[in-house]
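**Student:** Contents of target-v1.csv (CSV, N, CA and C atoms) are below:
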chain,number,residue,atom,x,y,z
J,1,MET,N,0.8,-1.2,0.0
J,1,MET,CA,0.0,0.0,0.0
J,1,MET,C,0.9,1.2,0.0
J,2,ALA,N,1.7,1.4,1.1
J,2,ALA,CA,2.5,2.6,1.1
J,2,ALA,C,3.9,2.3,0.6
J,3,ALA,N,4.1,1.1,0.0
J,3,ALA,CA,5.4,0.6,-0.5
J,3,ALA,C,6.0,1.6,-1.5
J,4,ASN,N,5.2,2.3,-2.2
J,4,ASN,CA,5.7,3.3,-3.1
J,4,ASN,C,5.9,4.7,-2.5
J,5,LEU,N,5.6,4.8,-1.2
J,5,LEU,CA,5.7,6.1,-0.5
J,5,LEU,C,6.6,5.9,0.7
J,6,LYS,N,7.8,6.4,0.6
J,6,LYS,CA,8.8,6.3,1.7
J,6,LYS,C,9.0,7.7,2.3
J,7,PRO,N,8.5,8.0,3.5
J,7,PRO,CA,8.7,9.3,4.0
J,7,PRO,C,10.1,9.6,4.4
J,8,LEU,N,10.5,10.9,4.4
J,8,LEU,CA,11.8,11.3,4.7
J,8,LEU,C,11.9,11.9,6.1
J,9,ALA,N,13.0,11.9,6.7
J,9,ALA,CA,13.3,12.6,8.0
J,9,ALA,C,12.2,12.3,9.0
J,10,ASP,N,11.6,13.3,9.6
J,10,ASP,CA,10.6,13.1,10.7
J,10,ASP,C,9.2,13.1,10.2
J,11,ARG,N,9.0,12.6,9.0
J,11,ARG,CA,7.6,12.5,8.4
J,11,ARG,C,7.0,11.1,8.5
J,12,VAL,N,5.7,11.0,8.6
J,12,VAL,CA,5.0,9.7,8.7
J,12,VAL,C,3.9,9.7,7.6
J,13,VAL,N,3.5,8.6,7.2
J,13,VAL,CA,2.4,8.4,6.3
J,13,VAL,C,1.2,7.8,7.1
J,14,VAL,N,0.1,8.5,7.1
J,14,VAL,CA,-1.0,8.1,7.9
J,14,VAL,C,-2.2,7.7,7.0
J,15,GLU,N,-2.9,6.6,7.3
J,15,GLU,CA,-4.1,6.3,6.7
J,15,GLU,C,-5.3,6.8,7.6
J,16,PRO,N,-6.0,7.8,7.2
J,16,PRO,CA,-7.1,8.3,8.1
J,16,PRO,C,-8.1,7.2,8.4
J,17,LEU,N,-8.6,7.2,9.6
J,17,LEU,CA,-9.7,6.2,9.9
J,17,LEU,C,-11.0,7.0,9.8
J,18,ASP,N,-12.0,6.3,9.3
J,18,ASP,CA,-13.3,6.9,9.1
J,18,ASP,C,-13.9,7.2,10.4
J,19,GLU,N,-14.5,8.4,10.5
J,19,GLU,CA,-15.2,8.8,11.7
J,19,GLU,C,-16.6,8.2,11.6
J,20,GLU,N,-17.3,8.3,12.7
J,20,GLU,CA,-18.7,7.9,12.8
J,20,GLU,C,-19.6,8.7,11.8
J,21,THR,N,-20.4,8.0,11.0
J,21,THR,CA,-21.3,8.7,10.1
J,21,THR,C,-22.7,8.9,10.7
J,22,MET,N,-22.9,8.5,12.0
J,22,MET,CA,-24.2,8.7,12.6
J,22,MET,C,-24.0,9.4,13.9
J,23,THR,N,-24.8,10.4,14.2
J,23,THR,CA,-24.7,11.1,15.5
J,23,THR,C,-25.2,10.2,16.6
J,24,ALA,N,-25.1,10.7,17.9
J,24,ALA,CA,-25.5,9.9,19.0
J,24,ALA,C,-27.1,9.8,19.0
J,25,THR,N,-27.8,10.7,18.3
J,25,THR,CA,-29.2,10.6,18.3
J,25,THR,C,-29.7,9.7,17.1
J,26,GLY,N,-28.8,9.2,16.3
J,26,GLY,CA,-29.2,8.3,15.2
J,26,GLY,C,-29.4,9.0,13.9
J,27,VAL,N,-28.9,10.2,13.7
J,27,VAL,CA,-29.0,10.9,12.5
J,27,VAL,C,-27.8,10.6,11.7
J,28,TYR,N,-27.9,10.2,10.4
J,28,TYR,CA,-26.8,9.9,9.5
J,28,TYR,C,-26.3,11.3,8.9
J,29,LEU,N,-25.0,11.4,8.9
J,29,LEU,CA,-24.4,12.6,8.3
J,29,LEU,C,-23.9,12.3,6.9
J,30,PRO,N,-24.2,13.2,6.0
J,30,PRO,CA,-23.7,13.0,4.6
J,30,PRO,C,-22.2,13.4,4.6
J,31,ASP,N,-21.5,12.9,3.5
J,31,ASP,CA,-20.1,13.2,3.4
J,31,ASP,C,-19.8,14.7,3.5
J,32,THR,N,-20.7,15.6,3.0
J,32,THR,CA,-20.4,17.0,3.0
J,32,THR,C,-20.5,17.6,4.4
J,33,ALA,N,-21.2,17.0,5.3
J,33,ALA,CA,-21.4,17.5,6.6
J,33,ALA,C,-20.3,16.9,7.6
J,34,GLN,N,-19.6,15.9,7.2
J,34,GLN,CA,-18.6,15.3,8.1
J,34,GLN,C,-17.3,16.1,8.1
J,35,GLU,N,-16.7,16.1,9.3
J,35,GLU,CA,-15.5,16.8,9.5
J,35,GLU,C,-14.3,15.9,9.0
J,36,ARG,N,-13.2,16.6,8.7
J,36,ARG,CA,-12.0,15.8,8.3
J,36,ARG,C,-11.6,14.9,9.5
J,37,PRO,N,-11.2,13.7,9.2
J,37,PRO,CA,-10.8,12.8,10.3
J,37,PRO,C,-9.5,13.3,11.0
J,38,MET,N,-9.4,13.0,12.2
J,38,MET,CA,-8.2,13.5,13.0
J,38,MET,C,-7.6,12.2,13.6
J,39,LYS,N,-8.0,11.1,13.3
J,39,LYS,CA,-7.4,9.8,13.8
J,39,LYS,C,-7.0,8.9,12.6
J,40,GLY,N,-5.9,8.3,12.8
J,40,GLY,CA,-5.4,7.4,11.7
J,40,GLY,C,-4.4,6.4,12.2
J,41,LYS,N,-4.0,5.6,11.2
J,41,LYS,CA,-3.0,4.6,11.5
J,41,LYS,C,-1.7,4.8,10.7
J,42,ILE,N,-0.6,4.8,11.4
J,42,ILE,CA,0.7,5.0,10.7
J,42,ILE,C,1.0,3.8,9.9
J,43,ILE,N,1.2,4.0,8.5
J,43,ILE,CA,1.6,2.9,7.7
J,43,ILE,C,3.0,3.0,7.1
J,44,ALA,N,3.7,4.1,7.3
J,44,ALA,CA,5.1,4.2,7.0
J,44,ALA,C,5.7,5.4,7.8
J,45,ALA,N,6.9,5.3,8.2
J,45,ALA,CA,7.6,6.3,9.0
J,45,ALA,C,9.0,6.5,8.4
J,46,GLY,N,9.4,7.8,8.5
J,46,GLY,CA,10.8,8.1,8.1
J,46,GLY,C,11.8,7.7,9.1
J,47,PRO,N,13.1,7.8,8.9
J,47,PRO,CA,14.1,7.4,9.8
J,47,PRO,C,14.3,8.3,11.0
J,48,GLY,N,13.7,9.5,10.9
J,48,GLY,CA,13.9,10.5,12.0
J,48,GLY,C,14.7,11.7,11.5
J,49,ARG,N,14.7,12.8,12.2
J,49,ARG,CA,15.4,14.0,11.8
J,49,ARG,C,16.8,14.0,12.2
J,50,LEU,N,17.6,14.9,11.7
J,50,LEU,CA,19.0,15.0,12.1
J,50,LEU,C,19.1,16.2,13.0
J,51,ASP,N,19.8,16.1,14.2
J,51,ASP,CA,20.0,17.2,15.1
J,51,ASP,C,21.1,18.1,14.6
J,52,GLU,N,21.4,19.1,15.3
J,52,GLU,CA,22.4,20.1,14.9
J,52,GLU,C,23.8,19.5,14.7
J,53,LYS,N,24.1,18.3,15.3
J,53,LYS,CA,25.4,17.7,15.2
J,53,LYS,C,25.4,16.6,14.2
J,54,GLY,N,24.3,16.4,13.5
J,54,GLY,CA,24.2,15.4,12.4
J,54,GLY,C,23.8,14.1,12.9
J,55,LYS,N,23.4,13.9,14.2
J,55,LYS,CA,23.0,12.6,14.7
J,55,LYS,C,21.5,12.4,14.5
J,56,ARG,N,21.1,11.2,14.1
J,56,ARG,CA,19.7,10.9,13.8
J,56,ARG,C,18.9,10.8,15.1
J,57,VAL,N,17.8,11.5,15.2
J,57,VAL,CA,16.9,11.5,16.3
J,57,VAL,C,15.7,10.6,15.9
J,58,ALA,N,15.5,9.5,16.6
J,58,ALA,CA,14.5,8.5,16.2
J,58,ALA,C,13.1,9.1,16.5
J,59,LEU,N,12.1,8.6,15.7
J,59,LEU,CA,10.7,9.0,15.9
J,59,LEU,C,10.2,8.4,17.2
J,60,GLU,N,9.2,9.0,17.8
J,60,GLU,CA,8.5,8.5,19.0
J,60,GLU,C,7.4,7.6,18.5
J,61,VAL,N,6.9,7.7,17.3
J,61,VAL,CA,5.8,6.9,16.8
J,61,VAL,C,6.4,5.8,15.9
J,62,LYS,N,5.6,4.8,15.6
J,62,LYS,CA,6.1,3.7,14.7
J,62,LYS,C,5.0,3.2,13.9
J,63,VAL,N,5.3,2.4,12.8
J,63,VAL,CA,4.3,1.9,11.9
J,63,VAL,C,3.4,1.0,12.8
J,64,GLY,N,2.1,1.1,12.5
J,64,GLY,CA,1.1,0.4,13.2
J,64,GLY,C,0.4,1.1,14.4
J,65,ASP,N,1.0,2.2,14.8
J,65,ASP,CA,0.4,3.1,15.9
J,65,ASP,C,-0.9,3.7,15.3
J,66,THR,N,-1.9,3.8,16.2
J,66,THR,CA,-3.1,4.6,15.9
J,66,THR,C,-2.9,5.9,16.6
J,67,VAL,N,-3.0,7.0,15.8
J,67,VAL,CA,-2.6,8.3,16.4
J,67,VAL,C,-3.7,9.3,16.2
J,68,LEU,N,-3.7,10.4,17.0
J,68,LEU,CA,-4.5,11.5,16.9
J,68,LEU,C,-3.6,12.7,16.3
J,69,TYR,N,-4.1,13.3,15.3
J,69,TYR,CA,-3.2,14.4,14.7
J,69,TYR,C,-4.0,15.7,14.5
J,70,ALA,N,-3.3,16.8,14.3
J,70,ALA,CA,-3.9,18.1,14.2
J,70,ALA,C,-4.8,18.1,13.0
J,71,LYS,N,-5.9,18.8,13.2
J,71,LYS,CA,-7.1,18.8,12.2
J,71,LYS,C,-6.7,19.1,10.8
J,72,TYR,N,-6.0,20.1,10.5
J,72,TYR,CA,-5.6,20.5,9.2
J,72,TYR,C,-4.2,20.3,8.8
J,73,ALA,N,-3.5,19.4,9.5
J,73,ALA,CA,-2.1,19.1,9.3
J,73,ALA,C,-1.9,18.2,8.1
J,74,GLY,N,-0.7,18.3,7.6
J,74,GLY,CA,-0.2,17.4,6.6
J,74,GLY,C,-0.6,17.7,5.2
J,75,THR,N,-0.2,16.8,4.3
J,75,THR,CA,-0.4,16.9,2.9
J,75,THR,C,-1.2,15.7,2.5
J,76,GLU,N,-2.3,15.9,1.8
J,76,GLU,CA,-3.1,14.8,1.4
J,76,GLU,C,-2.5,14.3,0.1
J,77,VAL,N,-2.4,12.9,0.0
J,77,VAL,CA,-1.9,12.3,-1.3
J,77,VAL,C,-2.8,11.1,-1.5
J,78,LYS,N,-2.9,10.7,-2.8
J,78,LYS,CA,-3.7,9.5,-3.2
J,78,LYS,C,-2.7,8.5,-3.8
J,79,VAL,N,-2.6,7.3,-3.2
J,79,VAL,CA,-1.8,6.2,-3.7
J,79,VAL,C,-2.7,5.1,-4.0
J,80,GLY,N,-2.8,4.8,-5.3
J,80,GLY,CA,-3.8,3.8,-5.8
J,80,GLY,C,-5.2,4.3,-5.4
J,81,ASP,N,-6.0,3.5,-4.7
J,81,ASP,CA,-7.3,4.0,-4.3
J,81,ASP,C,-7.4,4.5,-2.9
J,82,LYS,N,-6.2,4.6,-2.2
J,82,LYS,CA,-6.2,5.1,-0.8
J,82,LYS,C,-5.9,6.6,-0.7
J,83,ASP,N,-6.6,7.3,0.1
J,83,ASP,CA,-6.3,8.6,0.5
J,83,ASP,C,-5.5,8.6,1.7
J,84,LEU,N,-4.3,9.2,1.6
J,84,LEU,CA,-3.3,9.2,2.7
J,84,LEU,C,-2.9,10.6,3.1
J,85,LEU,N,-2.3,10.7,4.2
J,85,LEU,CA,-1.7,12.0,4.7
J,85,LEU,C,-0.2,11.8,5.0
J,86,VAL,N,0.6,12.8,4.6
J,86,VAL,CA,2.0,12.8,5.0
J,86,VAL,C,2.1,13.9,6.0
J,87,LEU,N,2.5,13.6,7.2
J,87,LEU,CA,2.6,14.5,8.4
J,87,LEU,C,4.0,14.6,8.9
J,88,LYS,N,4.3,15.7,9.5
J,88,LYS,CA,5.5,15.8,10.3
J,88,LYS,C,5.2,15.2,11.7
J,89,GLU,N,6.2,14.6,12.3
J,89,GLU,CA,5.9,14.0,13.6
J,89,GLU,C,5.3,15.0,14.6
J,90,THR,N,5.7,16.2,14.5
J,90,THR,CA,5.2,17.3,15.4
J,90,THR,C,3.7,17.5,15.2
J,91,ASP,N,3.1,17.1,14.1
J,91,ASP,CA,1.7,17.2,13.9
J,91,ASP,C,0.9,16.1,14.5
J,92,VAL,N,1.6,15.1,15.0
J,92,VAL,CA,1.0,14.0,15.7
J,92,VAL,C,0.8,14.4,17.2
J,93,LEU,N,-0.4,14.4,17.7
J,93,LEU,CA,-0.7,14.9,19.0
J,93,LEU,C,-0.6,13.9,20.1
J,94,ALA,N,-1.0,12.6,19.7
J,94,ALA,CA,-1.0,11.6,20.7
J,94,ALA,C,-1.1,10.2,20.0
J,95,ILE,N,-0.7,9.2,20.7
J,95,ILE,CA,-0.8,7.8,20.3
J,95,ILE,C,-2.0,7.2,21.1
J,96,ILE,N,-3.0,6.6,20.4
J,96,ILE,CA,-4.2,6.1,21.0
J,96,ILE,C,-3.9,4.6,21.3
J,97,GLU,N,-4.0,4.3,22.6
J,97,GLU,CA,-3.6,2.9,23.1
J,97,GLU,C,-4.9,2.1,23.3
Output the file's structure as structure tokens, nothing else.
**Tutor:**
Amino acid sequence: MAANLKPLADRVVVEPLDEETMTATGVYLPDTAQERPMKGKIIAAGPGRLDEKGKRVALEVKVGDTVLYAKYAGTEVKVGDKDLLVLKETDVLAIIE
């Protein structure tokens, strides 16, 4: 899936997870009324950024982590039939356990 997409430095590739399409009261939301997802699964991760001395700083997240990310963060890309996001690690807010 993300085999063609290898993130660099401190970037990760995230597959957004679909949010609920029904409200708590049972009303279905059309695609146009839904907000952009803020939760996704990391499917590829870069090697980490370089610090000022040229030493590699490893990422805190890893492939397979389900994460919460900033609402309008990253760059949307389409690989095959998948809509993916390329984010900087700093745009990842939390790991969902």
**Student:** If you measure from CA of Ala44 (chain J) to CA of Glu97 (chain J), what distance in Å do you get, rounded to one decimal?
**Tutor:**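 CA of Ala44 (chain J) sits 18.3 Å away from CA of Glu97 (chain J).
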**Student:** Looking at J:Val13, J:Ala70, J:Val63, J:Ala58, which one is nearest to Met38 (chain J), with distances taken over all atoms listed in the file?
**Tutor:** J:Ala70
**Student:** When distances are computed from only C-alpha atoms, which of J:Glu76, J:Asp10, J:Asp83, J:Asp18 shows the smallest separation from Val61 (chain J)?
**Tutor:** J:Asp10
**Student:** Which value, in Å to one decimal, gives the distance between CA of Lys82 (chain J) and CA of Ala45 (chain J)?
**Tutor:**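 Distance reported for this atom pair: 17.0 Å.
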**Student:** Between atom C of Ile43 (chain J) and atom C of Val86 (chain J), what is the distance in Å, rounded to a tenth?
**Tutor:**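 Interatomic distance here is 11.0 Å.
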**Student:** Could you give me, as a PyMOL selection string, the residues within 6 Å of Lys88 (chain J), counting all atoms listed in the file and dropping anything in the same chain fewer than 3 positions from it?
**Tutor:** chain J and resi 10-12+74+91-92
**Student:** So that I can check the secondary structure, give me every residue of region 4-93 of chain J assigned helix (DSSP H, G or I) by backbone DSSP, as number ranges by chain.
**Tutor:** J: 31-33, 89-91
**Student:** With all atoms listed in the file as the atoms that count, which of J:Ala73, J:Val14, J:Asp81, J:Thr66 lies nearest to Ala94 (chain J)?
**Tutor:** J:Thr66
